[in-house]
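**Student:** run_34.cif (mmCIF, C-alpha atoms and all ligand atoms) pasted underneath:
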```cif
data_model
#
loop_
_atom_site.label_atom_id
_atom_site.label_comp_id
_atom_site.auth_asym_id
_atom_site.auth_seq_id
_atom_site.Cartn_x
_atom_site.Cartn_y
_atom_site.Cartn_z
CA MET P 1 2.72 -22.77 12.33
CA TYR P 2 1.44 -19.20 11.83
CA SER P 3 3.08 -15.83 11.29
CA ARG P 4 2.83 -12.76 13.49
CA ILE P 5 4.10 -9.20 13.16
CA ILE P 6 7.12 -8.46 15.38
CA GLY P 7 8.19 -5.09 13.96
CA THR P 8 7.16 -2.36 11.52
CA GLY P 9 8.85 0.64 9.93
CA ARG P 10 8.27 3.36 7.36
CA TYR P 11 10.17 5.94 5.39
CA LEU P 12 8.96 9.05 3.62
CA PRO P 13 11.15 11.19 1.37
CA LYS P 14 11.89 14.65 2.81
CA ARG P 15 10.32 16.72 0.05
CA VAL P 16 6.64 17.55 0.65
CA LEU P 17 4.49 18.66 -2.29
CA THR P 18 1.35 20.52 -1.18
CA ASN P 19 -1.95 21.01 -3.00
CA PHE P 20 -1.09 24.73 -3.18
CA GLU P 21 2.08 23.97 -5.12
CA LEU P 22 0.04 21.74 -7.48
CA GLU P 23 -2.29 24.70 -8.10
CA LYS P 24 0.69 26.38 -9.78
CA MET P 25 1.45 23.33 -11.93
CA VAL P 26 -1.99 22.29 -13.28
CA ASP P 27 -5.55 23.65 -13.40
CA THR P 28 -6.68 22.43 -9.96
CA SER P 29 -7.37 23.71 -6.47
CA ASP P 30 -6.62 22.69 -2.91
CA GLU P 31 -10.38 22.67 -2.34
CA TRP P 32 -11.10 20.26 -5.25
CA ILE P 33 -8.34 17.86 -4.22
CA LYS P 34 -9.35 17.86 -0.54
CA THR P 35 -13.08 17.47 -1.18
CA ARG P 36 -12.73 14.73 -3.83
CA THR P 37 -9.87 12.75 -2.28
CA GLY P 38 -9.03 13.89 1.27
CA ILE P 39 -5.41 14.57 0.20
CA SER P 40 -3.57 17.73 1.38
CA GLU P 41 0.03 16.85 0.61
CA ARG P 42 2.31 14.02 -0.48
CA HIS P 43 6.03 13.22 -0.27
CA ILE P 44 8.17 13.08 -3.42
CA ALA P 45 11.50 11.24 -3.73
CA ALA P 46 14.62 13.29 -4.52
CA ASP P 47 16.06 12.86 -8.03
CA ASP P 48 18.78 10.55 -6.72
CA GLU P 49 16.45 8.57 -4.43
CA THR P 50 15.03 5.26 -5.70
CA THR P 51 12.40 2.78 -4.55
CA SER P 52 15.08 0.52 -3.02
CA ASP P 53 16.44 3.47 -0.99
CA LEU P 54 13.01 4.09 0.53
CA ALA P 55 12.52 0.35 1.08
CA PHE P 56 15.92 0.00 2.76
CA HIS P 57 15.21 2.80 5.28
CA ALA P 58 11.78 1.35 6.13
CA ALA P 59 13.34 -2.11 6.56
CA LYS P 60 16.05 -0.74 8.87
CA GLN P 61 13.40 0.82 11.09
CA ALA P 62 11.34 -2.40 11.17
CA ILE P 63 14.45 -4.43 12.10
CA ALA P 64 15.29 -1.97 14.91
CA THR P 65 11.70 -2.03 16.21
CA ALA P 66 11.60 -5.84 16.18
CA GLU P 67 14.96 -5.83 18.02
CA ILE P 68 16.33 -8.62 15.84
CA ALA P 69 19.64 -9.17 14.07
CA ALA P 70 19.16 -8.56 10.32
CA GLU P 71 20.95 -11.89 9.65
CA THR P 72 17.97 -13.78 11.13
CA ILE P 73 15.72 -12.65 8.25
CA ASP P 74 15.29 -15.63 5.94
CA MET P 75 13.20 -14.19 3.09
CA ILE P 76 12.57 -10.74 1.55
CA ILE P 77 9.47 -9.90 -0.47
CA VAL P 78 8.83 -6.42 -1.85
CA GLY P 79 5.53 -5.24 -3.28
CA THR P 80 6.30 -2.55 -5.85
CA THR P 81 5.22 -1.40 -9.26
CA THR P 82 8.02 1.15 -9.61
CA PRO P 83 11.25 -0.90 -9.31
CA ASP P 84 14.66 0.80 -9.59
CA LEU P 85 15.72 -1.51 -12.41
CA VAL P 86 14.33 -4.23 -14.67
CA PHE P 87 16.55 -6.49 -12.57
CA PRO P 88 17.94 -7.16 -10.01
CA ASN P 89 14.59 -6.85 -8.27
CA VAL P 90 14.13 -4.39 -5.39
CA ALA P 91 14.24 -7.16 -2.75
CA CYS P 92 17.75 -8.16 -3.95
CA LEU P 93 18.87 -4.52 -3.81
CA VAL P 94 17.56 -4.22 -0.23
CA GLN P 95 19.18 -7.54 0.70
CA GLU P 96 22.56 -6.30 -0.53
CA ARG P 97 22.27 -3.08 1.52
CA LEU P 98 21.23 -4.99 4.62
CA GLY P 99 24.25 -7.28 4.13
CA ILE P 100 22.25 -10.50 4.47
CA ALA P 101 23.12 -12.41 1.30
CA GLY P 102 21.70 -15.90 0.82
CA CYS P 103 17.98 -15.79 1.62
CA PRO P 104 15.40 -15.75 -1.22
CA ALA P 105 14.49 -12.21 -2.30
CA PHE P 106 11.85 -11.29 -4.85
CA SER P 107 9.28 -8.68 -5.79
CA VAL P 108 5.55 -8.79 -6.43
CA GLU P 109 4.04 -6.46 -8.98
CA THR P 110 0.35 -5.93 -8.21
CA ALA P 111 0.24 -2.12 -7.95
CA CYS P 112 -1.65 -0.81 -4.89
CA SER P 113 -2.36 -4.26 -3.48
CA GLY P 114 1.35 -5.22 -3.71
CA PHE P 115 1.92 -5.21 0.04
CA ILE P 116 -1.15 -7.37 0.79
CA TYR P 117 -0.03 -9.85 -1.89
CA ALA P 118 3.53 -9.87 -0.50
CA LEU P 119 2.29 -10.32 3.08
CA THR P 120 0.01 -13.20 2.06
CA ILE P 121 2.82 -14.94 0.16
CA ALA P 122 5.17 -14.54 3.14
CA ASP P 123 2.50 -15.92 5.48
CA GLN P 124 2.07 -18.98 3.24
CA PHE P 125 5.83 -19.64 3.33
CA VAL P 126 5.79 -19.45 7.14
CA ARG P 127 2.74 -21.72 7.40
CA THR P 128 4.49 -24.41 5.34
CA GLY P 129 7.72 -24.11 7.35
CA PHE P 130 9.75 -22.83 4.37
CA ALA P 131 10.54 -19.51 6.10
CA ARG P 132 10.52 -18.40 9.74
CA ARG P 133 11.23 -14.69 9.62
CA PRO P 134 10.33 -12.89 6.39
CA LEU P 135 10.80 -9.18 5.78
CA VAL P 136 7.84 -7.81 3.80
CA ILE P 137 7.99 -4.35 2.22
CA GLY P 138 5.69 -2.12 0.17
CA ALA P 139 7.69 0.62 -1.56
CA GLU P 140 7.00 3.01 -4.42
CA THR P 141 8.27 6.03 -6.29
CA MET P 142 4.97 6.73 -8.04
CA SER P 143 6.25 10.23 -8.89
CA ARG P 144 8.41 8.59 -11.61
CA ILE P 145 5.39 7.35 -13.59
CA ILE P 146 3.21 10.42 -13.13
CA ASP P 147 2.45 12.74 -16.01
CA TRP P 148 2.82 16.04 -14.15
CA THR P 149 0.63 17.78 -16.74
CA ASP P 150 -2.36 15.43 -16.17
CA ARG P 151 -4.47 16.96 -13.39
CA GLU P 152 -6.63 13.84 -13.16
CA THR P 153 -3.74 11.76 -11.81
CA CYS P 154 -0.87 14.00 -10.67
CA VAL P 155 -2.76 15.27 -7.63
CA LEU P 156 -3.34 11.76 -6.28
CA PHE P 157 -0.02 10.00 -5.80
CA GLY P 158 3.01 10.14 -3.53
CA ASP P 159 6.19 8.20 -2.68
CA GLY P 160 7.14 6.17 0.40
CA ALA P 161 7.85 2.75 1.88
CA GLY P 162 6.56 0.63 4.73
CA ALA P 163 8.01 -2.62 6.12
CA VAL P 164 6.94 -5.45 8.38
CA ILE P 165 8.94 -8.30 9.97
CA LEU P 166 6.98 -11.51 10.40
CA ASP P 167 7.98 -14.26 12.79
CA ALA P 168 6.84 -17.89 13.04
CA ALA P 169 4.45 -18.38 15.98
CA GLU P 170 2.14 -21.01 17.38
CA GLN P 171 -0.84 -18.63 17.43
CA PRO P 172 -1.89 -16.38 14.53
CA GLY P 173 -0.87 -13.57 13.74
CA ILE P 174 -2.26 -13.48 10.28
CA ILE P 175 -5.62 -15.20 10.68
CA TYR P 176 -7.13 -14.97 7.23
CA SER P 177 -6.09 -13.63 3.82
CA SER P 178 -8.05 -12.93 0.67
CA LEU P 179 -6.61 -12.11 -2.78
CA GLY P 180 -8.21 -11.48 -6.14
CA ALA P 181 -7.64 -10.00 -9.60
CA ASP P 182 -9.59 -9.17 -12.75
CA GLY P 183 -7.47 -8.36 -15.80
CA ARG P 184 -10.54 -7.40 -17.83
CA TYR P 185 -10.38 -3.95 -16.21
CA ARG P 186 -6.78 -3.32 -17.25
CA LYS P 187 -7.67 -0.34 -19.43
CA LEU P 188 -9.21 1.65 -16.55
CA LEU P 189 -5.91 2.00 -14.73
CA GLU P 190 -2.57 1.34 -16.37
CA ALA P 191 0.91 2.53 -17.24
CA ASP P 192 0.60 1.41 -20.86
CA SER P 193 4.27 1.03 -21.71
CA GLY P 194 7.39 -0.25 -20.03
CA ILE P 195 10.09 -2.61 -21.25
CA SER P 196 8.68 -5.29 -23.55
CA LYS P 197 6.09 -2.78 -24.77
CA ALA P 198 8.27 0.26 -25.18
CA PRO P 199 6.94 3.83 -25.07
CA GLY P 200 6.51 5.61 -28.42
CA GLN P 201 9.23 7.90 -29.76
CA GLY P 202 9.82 10.74 -27.30
CA GLU P 203 7.20 9.39 -24.89
CA LYS P 204 7.60 8.22 -21.31
CA THR P 205 5.78 5.50 -19.40
CA ALA P 206 2.95 7.23 -17.52
CA LEU P 207 0.06 6.19 -15.34
CA ARG P 208 -3.41 6.72 -16.86
CA MET P 209 -6.66 6.28 -15.01
CA LYS P 210 -10.37 6.58 -15.69
CA GLY P 211 -10.88 7.81 -12.12
CA ASN P 212 -14.61 7.66 -11.64
CA GLU P 213 -14.95 4.23 -13.28
CA VAL P 214 -12.14 2.91 -11.06
CA PHE P 215 -13.91 4.48 -8.10
CA LYS P 216 -17.12 2.53 -8.71
CA VAL P 217 -15.42 -0.87 -9.18
CA ALA P 218 -13.14 -0.21 -6.18
CA VAL P 219 -16.08 0.49 -3.84
CA ARG P 220 -18.04 -2.52 -5.13
CA THR P 221 -15.08 -4.92 -4.93
CA LEU P 222 -13.93 -3.78 -1.50
CA GLU P 223 -17.47 -4.05 -0.13
CA SER P 224 -17.84 -7.63 -1.31
CA MET P 225 -14.34 -8.49 -0.07
CA VAL P 226 -15.02 -7.20 3.45
CA ASP P 227 -18.41 -9.01 3.47
CA ASP P 228 -16.49 -12.21 2.68
CA VAL P 229 -13.92 -11.59 5.45
CA ILE P 230 -16.72 -11.01 8.00
CA GLU P 231 -18.67 -14.08 6.91
CA LYS P 232 -15.73 -16.51 6.68
CA ASN P 233 -14.45 -15.47 10.10
CA ASP P 234 -17.82 -15.13 11.76
CA LEU P 235 -16.95 -11.62 12.96
CA ALA P 236 -19.42 -9.85 15.22
CA GLN P 237 -20.13 -6.12 15.04
CA GLY P 238 -17.37 -4.21 16.86
CA GLU P 239 -14.94 -7.12 16.84
CA ILE P 240 -12.46 -5.43 14.50
CA ASP P 241 -10.45 -2.94 16.55
CA TRP P 242 -8.71 -1.13 13.68
CA PHE P 243 -9.39 -0.87 9.97
CA VAL P 244 -6.16 -0.16 8.02
CA PRO P 245 -7.22 0.48 4.41
CA HIS P 246 -5.29 1.36 1.27
CA GLN P 247 -5.11 5.17 1.22
CA ALA P 248 -6.33 6.06 -2.28
CA ASN P 249 -9.33 8.21 -1.54
CA LEU P 250 -11.11 9.18 1.69
CA ARG P 251 -14.52 8.61 0.07
CA ILE P 252 -13.64 5.00 -0.89
CA ILE P 253 -12.32 4.40 2.64
CA ALA P 254 -15.48 5.87 4.22
CA ALA P 255 -17.74 3.68 2.01
CA THR P 256 -15.84 0.52 3.02
CA ALA P 257 -15.82 1.52 6.71
CA LYS P 258 -19.60 2.02 6.51
CA ARG P 259 -20.03 -1.46 5.05
CA LEU P 260 -17.89 -2.83 7.91
CA ASN P 261 -19.99 -0.88 10.39
CA ILE P 262 -16.82 0.53 11.87
CA PRO P 263 -16.71 4.18 13.08
CA MET P 264 -14.19 6.51 11.36
CA GLU P 265 -12.36 6.92 14.73
CA ARG P 266 -11.34 3.25 14.31
CA VAL P 267 -10.00 3.77 10.78
CA VAL P 268 -6.31 4.56 10.32
CA LEU P 269 -6.04 7.51 7.93
CA THR P 270 -2.82 8.80 6.39
CA VAL P 271 -4.23 9.81 3.00
CA ALA P 272 -4.20 13.54 3.90
CA GLU P 273 -0.42 13.58 4.46
CA HIS P 274 0.75 10.73 2.19
CA GLY P 275 -1.61 10.71 -0.80
CA ASN P 276 -1.85 7.39 -2.63
CA THR P 277 1.52 5.67 -2.29
CA SER P 278 0.29 2.45 -3.94
CA ALA P 279 1.92 -0.65 -2.34
CA ALA P 280 3.48 1.48 0.41
CA SER P 281 0.22 2.87 1.74
CA VAL P 282 -1.02 0.01 3.96
CA PRO P 283 2.30 -0.77 5.72
CA MET P 284 2.93 2.97 6.28
CA ALA P 285 -0.57 3.40 7.78
CA LEU P 286 -0.02 0.31 9.93
CA ASP P 287 3.32 1.58 11.21
CA THR P 288 1.84 5.04 11.90
CA ALA P 289 -0.89 3.66 14.17
CA ILE P 290 1.43 1.19 15.92
CA ARG P 291 4.06 3.85 16.55
CA ASP P 292 1.60 6.43 17.90
CA GLY P 293 0.14 3.83 20.27
CA ARG P 294 -3.35 3.48 18.78
CA ILE P 295 -2.83 -0.15 17.74
CA GLN P 296 -2.02 -2.28 20.78
CA ARG P 297 -0.89 -5.92 21.13
CA GLY P 298 -3.91 -8.22 20.93
CA ASP P 299 -5.97 -5.85 18.72
CA LEU P 300 -7.80 -7.31 15.72
CA LEU P 301 -6.87 -5.52 12.48
CA LEU P 302 -8.32 -5.60 8.99
CA LEU P 303 -5.98 -4.50 6.20
CA GLU P 304 -7.19 -4.13 2.60
CA ALA P 305 -6.10 -2.75 -0.76
CA PHE P 306 -7.34 -2.36 -4.32
CA GLY P 307 -5.34 -1.28 -7.35
CA GLY P 308 -4.21 -1.56 -10.96
CA GLY P 309 -4.79 -4.89 -12.68
CA PHE P 310 -7.34 -4.78 -11.10
CA THR P 311 -5.93 -6.58 -8.09
CA TRP P 312 -7.16 -6.59 -4.51
CA GLY P 313 -6.58 -8.26 -1.16
CA ALA P 314 -7.30 -8.25 2.56
CA SER P 315 -5.60 -9.57 5.71
CA LEU P 316 -7.24 -10.17 9.07
CA ILE P 317 -4.55 -9.96 11.74
CA ARG P 318 -4.33 -10.36 15.50
CA TYR P 319 -1.53 -7.92 16.34
N1 LIG P 401 -8.69 19.46 -10.28
C1 LIG P 401 -9.84 20.02 -10.67
N2 LIG P 401 -10.75 19.38 -11.41
C2 LIG P 401 -10.48 18.11 -11.77
C3 LIG P 401 -9.29 17.46 -11.40
C4 LIG P 401 -8.36 18.20 -10.63
N3 LIG P 401 -7.19 17.67 -10.20
N4 LIG P 401 -9.30 16.21 -11.90
C5 LIG P 401 -10.45 16.07 -12.56
N5 LIG P 401 -11.18 17.20 -12.49
C6 LIG P 401 -12.49 17.48 -13.05
C7 LIG P 401 -12.84 16.54 -14.18
O1 LIG P 401 -12.29 16.99 -15.40
C8 LIG P 401 -14.35 16.60 -14.17
O2 LIG P 401 -14.76 17.78 -14.83
P1 LIG P 401 -16.12 17.79 -15.72
O3 LIG P 401 -17.22 17.47 -14.74
O4 LIG P 401 -16.14 19.18 -16.24
O5 LIG P 401 -15.92 16.73 -16.75
C9 LIG P 401 -14.69 16.77 -12.68
O6 LIG P 401 -13.48 17.25 -12.07
C10 LIG P 401 -15.14 15.49 -12.01
O7 LIG P 401 -14.25 14.44 -12.36
P2 LIG P 401 -14.46 12.97 -11.85
O8 LIG P 401 -13.35 12.11 -12.39
O9 LIG P 401 -15.86 12.52 -12.09
O10 LIG P 401 -14.27 13.17 -10.26
P3 LIG P 401 -14.43 12.12 -9.12
O11 LIG P 401 -15.36 12.65 -8.10
O12 LIG P 401 -14.67 10.73 -9.63
O13 LIG P 401 -12.98 12.14 -8.44
C11 LIG P 401 -10.97 10.77 -8.41
C12 LIG P 401 -11.84 11.76 -9.20
C13 LIG P 401 -10.47 11.48 -7.17
C14 LIG P 401 -9.82 10.34 -9.28
C15 LIG P 401 -11.82 9.56 -7.99
O14 LIG P 401 -12.56 9.10 -9.07
C16 LIG P 401 -11.00 8.40 -7.43
O15 LIG P 401 -10.47 8.46 -6.35
N6 LIG P 401 -10.96 7.26 -8.15
C17 LIG P 401 -10.35 6.02 -7.66
C18 LIG P 401 -8.86 6.06 -7.59
C19 LIG P 401 -8.34 4.74 -7.08
O16 LIG P 401 -8.80 4.21 -6.08
N7 LIG P 401 -7.42 4.12 -7.78
C20 LIG P 401 -7.01 2.76 -7.42
C21 LIG P 401 -5.72 2.73 -6.79
S1 LIG P 401 -4.42 3.45 -7.75
C22 LIG P 401 -3.31 2.20 -8.26
O17 LIG P 401 -3.60 1.04 -8.23
C23 LIG P 401 -1.99 2.60 -8.87
#
```
Is it possible to give me this structure as structure tokens?
**Tutor:**
Amino acid sequence: MYSRIIGTGRYLPKRVLTNFELEKMVDTSDEWIKTRTGISERHIAADDETTSDLAFHAAKQAIATAEIAAETIDMIIVGTTTPDLVFPNVACLVQERLGIAGCPAFSVETACSGFIYALTIADQFVRTGFARRPLVIGAETMSRIIDWTDRETCVLFGDGAGAVILDAAEQPGIIYSSLGADGRYRKLLEADSGISKAPGQGEKTALRMKGNEVFKVAVRTLESMVDDVIEKNDLAQGEIDWFVPHQANLRIIAATAKRLNIPMERVVLTVAEHGNTSAASVPMALDTAIRDGRIQRGDLLLLEAFGGGFTWGASLIRY
């Protein structure tokens, strides 16, 4: 048994924060942000909006697109690094709002690669016959762990959620998955406090990143990961129809696309409008290109992500 995608959805908070507004908050410029990252604007959750709210709306859209009854979902996995609460986890909160009590519901905390990890886990459950119709979500409110006075990070991130419904099928679907992690790099990208390691007096948990060091490892790791996907699957030049990368930085995406030998017209880009939404970025990009008709049934897709941990992953999918 394999798993295939039968529906996708996404949700972006209403509030849009532009580079020009950021110019008034920190010492930066629209030109610097655009040239270095490709980002023009990002969406920011309202004060009363949480990660599970965004996840719920994305899930509702995916359920409607798949034209299924929510009750037929038999597992919920959410990739997130910004959960509403310590517990219950975001998947349980979404389950409650969908009114589908009973099925297993849990979250995966691998920062930007959270959705790829969640998708791979769901696929494994389908392959073993444990689940038939998982709901997989990537959702984040990165704005809650941003230090809005740190120009090196506050210009990069945004909020959002993307969702996918998988269904058991005799043909793949998800053809091949790759996951990896290297905790030795933890200091290059981290939110260095939380619950068990509490923030200092008067401090708040905030994301810190050594941007250009992360950049170098990200490019190197993604290049070797896509080499591995090509080799293991014996992919010929031009065989991948659409590259759906994590949307952290246009320059990282372009370097990986070059390694894949795939033209930029075949790369799904949302980084300009979404910024880096961590675990939400890949499912939102996927939904964007499915909804606007670029990705068609039968197309071969390569999804990838790299993020804090470091963690990374890729999925080769026949849509
Ligand atoms: N506006 C203006 N100048 C800035 C800004 C800003 N917002 N931020 C930094 N600068 C300055 C720096 O201070 C530095 O100045 P200096 O030369 O006087 O010292 C200069 O710009 C260059 O800084 P770099 O950090 O070398 O710039 P770089 O070209 O590397 O771009 C960036 C920075 C965009 C952060 C890039 O390194 C990057 O994208 N890194 C990878 C991010 C990533 O992929 N993260 C993983 C996923 S995130 C997750 O998992 C949660």
**Student:** Give me the residues of chain P that have any atom at most 7 Å from an atom of ligand LIG 401 (chain P); for each, the nearest atom pair and the distance in Å, rounded to one decimal. Use only C-alpha atoms and all ligand atoms, sort by chain and number, and format it as a tab-separated table.
**Tutor:**
```
residue	atom	partner	partner_atom	distance
P:Asp27	CA	P:LIG401	N1	6.1
P:Thr28	CA	P:LIG401	N1	3.6
P:Ser29	CA	P:LIG401	N1	5.9
P:Trp32	CA	P:LIG401	C1	5.6
P:Ile33	CA	P:LIG401	N3	6.1
P:Arg36	CA	P:LIG401	C13	5.2
P:Thr37	CA	P:LIG401	C13	5.1
P:Ala111	CA	P:LIG401	O17	5.0
P:Cys112	CA	P:LIG401	O17	4.3
P:Arg151	CA	P:LIG401	N3	4.3
P:Glu152	CA	P:LIG401	N4	3.8
P:Thr153	CA	P:LIG401	C14	6.7
P:Val155	CA	P:LIG401	N3	5.7
P:Leu189	CA	P:LIG401	O17	7.0
P:Gly211	CA	P:LIG401	O14	3.7
P:Asn212	CA	P:LIG401	O14	3.6
P:Glu213	CA	P:LIG401	O14	6.9
P:Val214	CA	P:LIG401	C17	4.9
P:Phe215	CA	P:LIG401	C17	3.9
P:Ala218	CA	P:LIG401	O16	6.2
P:Ala248	CA	P:LIG401	O16	4.9
P:Asn249	CA	P:LIG401	O15	4.9
P:Asn276	CA	P:LIG401	S1	7.0
P:Ser278	CA	P:LIG401	C23	5.4
P:Phe306	CA	P:LIG401	C21	5.9
P:Gly307	CA	P:LIG401	O17	3.0
P:Gly308	CA	P:LIG401	O17	3.8
```
**Student:** If we count only C-alpha atoms, what is near P:Val16 at a cut-off of 10 Å, once residues fewer than 5 positions away on the same chain are taken out, given as a PyMOL selection string?
**Tutor:** chain P and resi 21+41-45+158-159+273-274
**Student:** State, in Å with one decimal place, the distance from atom CA of P:Asp53 to atom CA of P:Gly160.
**Tutor:**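 Going from atom CA of P:Asp53 over to atom CA of P:Gly160 covers 9.8 Å.
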**Student:** Please tell me which residues are no farther than 9 Å from (1.3, -9.4, 4.1) in the file, counting all atoms listed in the file, and write them as a compact mmCIF listing (two decimals) with C-alpha atoms, keeping the file's coordinate frame.
**Tutor:**
```txt
# COMPACT_ATOMS: atom_id res chain seq x y z
CA GLY P 114 1.35 -5.22 -3.71
CA PHE P 115 1.92 -5.21 0.04
CA ILE P 116 -1.15 -7.37 0.79
CA TYR P 117 -0.03 -9.85 -1.89
CA ALA P 118 3.53 -9.87 -0.50
CA LEU P 119 2.29 -10.32 3.08
CA THR P 120 0.01 -13.20 2.06
CA ILE P 121 2.82 -14.94 0.16
CA ALA P 122 5.17 -14.54 3.14
CA ASP P 123 2.50 -15.92 5.48
CA VAL P 136 7.84 -7.81 3.80
CA ILE P 137 7.99 -4.35 2.22
CA VAL P 164 6.94 -5.45 8.38
CA LEU P 166 6.98 -11.51 10.40
CA ILE P 174 -2.26 -13.48 10.28
CA SER P 177 -6.09 -13.63 3.82
CA PRO P 283 2.30 -0.77 5.72
CA ALA P 314 -7.30 -8.25 2.56
CA SER P 315 -5.60 -9.57 5.71
```
**Student:** Write out as a list in words the residues lying within 10 Å of P:Asn233, counting all atoms listed in the file and excluding same-chain residues fewer than 2 positions away.
**Tutor:**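 Answer for this query is Ile175, Tyr176, Asp228, Val229, Ile230, Glu231, Leu235, Ala236 and Leu316 of chain P.
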**Student:** Which residue gives the smallest distance to P:Glu49 among P:Leu12, P:Ala62, P:Val78, P:Val267, with all atoms listed in the file counted?
**Tutor:**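 Comparing P:Leu12, P:Ala62, P:Val78, P:Val267 against P:Glu49, the winner is P:Leu12.
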**Student:** Please provide as a compact mmCIF listing (two decimals) with C-alpha atoms, in the coordinates of the input all residues within 8 Å of stretch 68-73 of chain P, with the sequence filter that same-chain residues fewer than 5 positions apart are discarded (counting only C-alpha atoms).
**Tutor:**
```
# COMPACT_ATOMS: atom_id res chain seq x y z
CA ILE P 63 14.45 -4.43 12.10
CA LEU P 98 21.23 -4.99 4.62
CA GLY P 99 24.25 -7.28 4.13
CA ILE P 100 22.25 -10.50 4.47
CA CYS P 103 17.98 -15.79 1.62
CA ARG P 132 10.52 -18.40 9.74
CA ARG P 133 11.23 -14.69 9.62
CA PRO P 134 10.33 -12.89 6.39
CA LEU P 135 10.80 -9.18 5.78
```
**Student:** Would you please work out which residue, of P:Ala131, P:Ile195, P:Val26, P:Ala163, is nearest to P:Val86 when using only C-alpha atoms?
**Tutor:**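 Of the candidates, the smallest distance to P:Val86 is held by P:Ile195.
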**Student:** Set the distance at 12 Å and use only C-alpha atoms: which residues neighbour P:Arg266 once local chain neighbours fewer than 4 positions away are removed? I'd like the list as a list in words.
**Tutor:**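 Residues near the query, excluding close chain neighbours: Gly238, Glu239, Ile240, Asp241, Trp242, Phe243, Val244, Pro245, Ile253, Ala254, Ala257, Lys258, Leu260, Asn261, Ile262, Ala289, Arg294, Ile295, Asp299, Leu300, Leu301 and Leu302 of chain P.
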**Student:** Ranking P:Ser107, P:Ser143, P:Thr65, P:Thr51 by minimum distance to P:Leu17 and counting all atoms listed in the file, which one comes first?
**Tutor:**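 Using all atoms listed in the file, P:Leu17 sits closest to P:Ser143.
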**Student:** Name the closest residue to P:Ala55 among the candidates P:Ser113, P:Thr311, P:Thr141, P:Ser40; distances are taken between atoms, counting all atoms listed in the file.
**Tutor:**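 Comparing P:Ser113, P:Thr311, P:Thr141, P:Ser40 against P:Ala55, the winner is P:Thr141.
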**Student:** In Å to one decimal, how far is atom CA of P:Leu156 from atom CA of P:Leu250?
**Tutor:**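 Those two atoms sit 11.4 Å apart.
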**Student:** Which residue out of P:Asp234, P:Gln171, P:Tyr185, P:Ile165 has the minimum interatomic distance to P:Gly298 when all atoms listed in the file are used?
**Tutor:**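 Nearest candidate to P:Gly298 out of P:Asp234, P:Gln171, P:Tyr185, P:Ile165: P:Gln171.
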**Student:** Pick the closest to P:Cys154 from P:Leu93, P:Pro13, P:Glu304, P:Met209: which is it, counting only C-alpha atoms?
**Tutor:** P:Met209
**Student:** Interatomic distance between atom CA of P:Lys204 and atom CA of P:Phe106?
**Tutor:**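 Answer for the atom CA of P:Lys204 to atom CA of P:Phe106 separation: 25.9 Å.
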**Student:** I want to know what sits within 12 Å of P:Arg291, based on all atoms listed in the file, with residues of the same chain fewer than 3 positions away left out; could you give that as a PyMOL selection string?
**Tutor:** chain P and resi 7-10+61-62+65+283-288+294-297
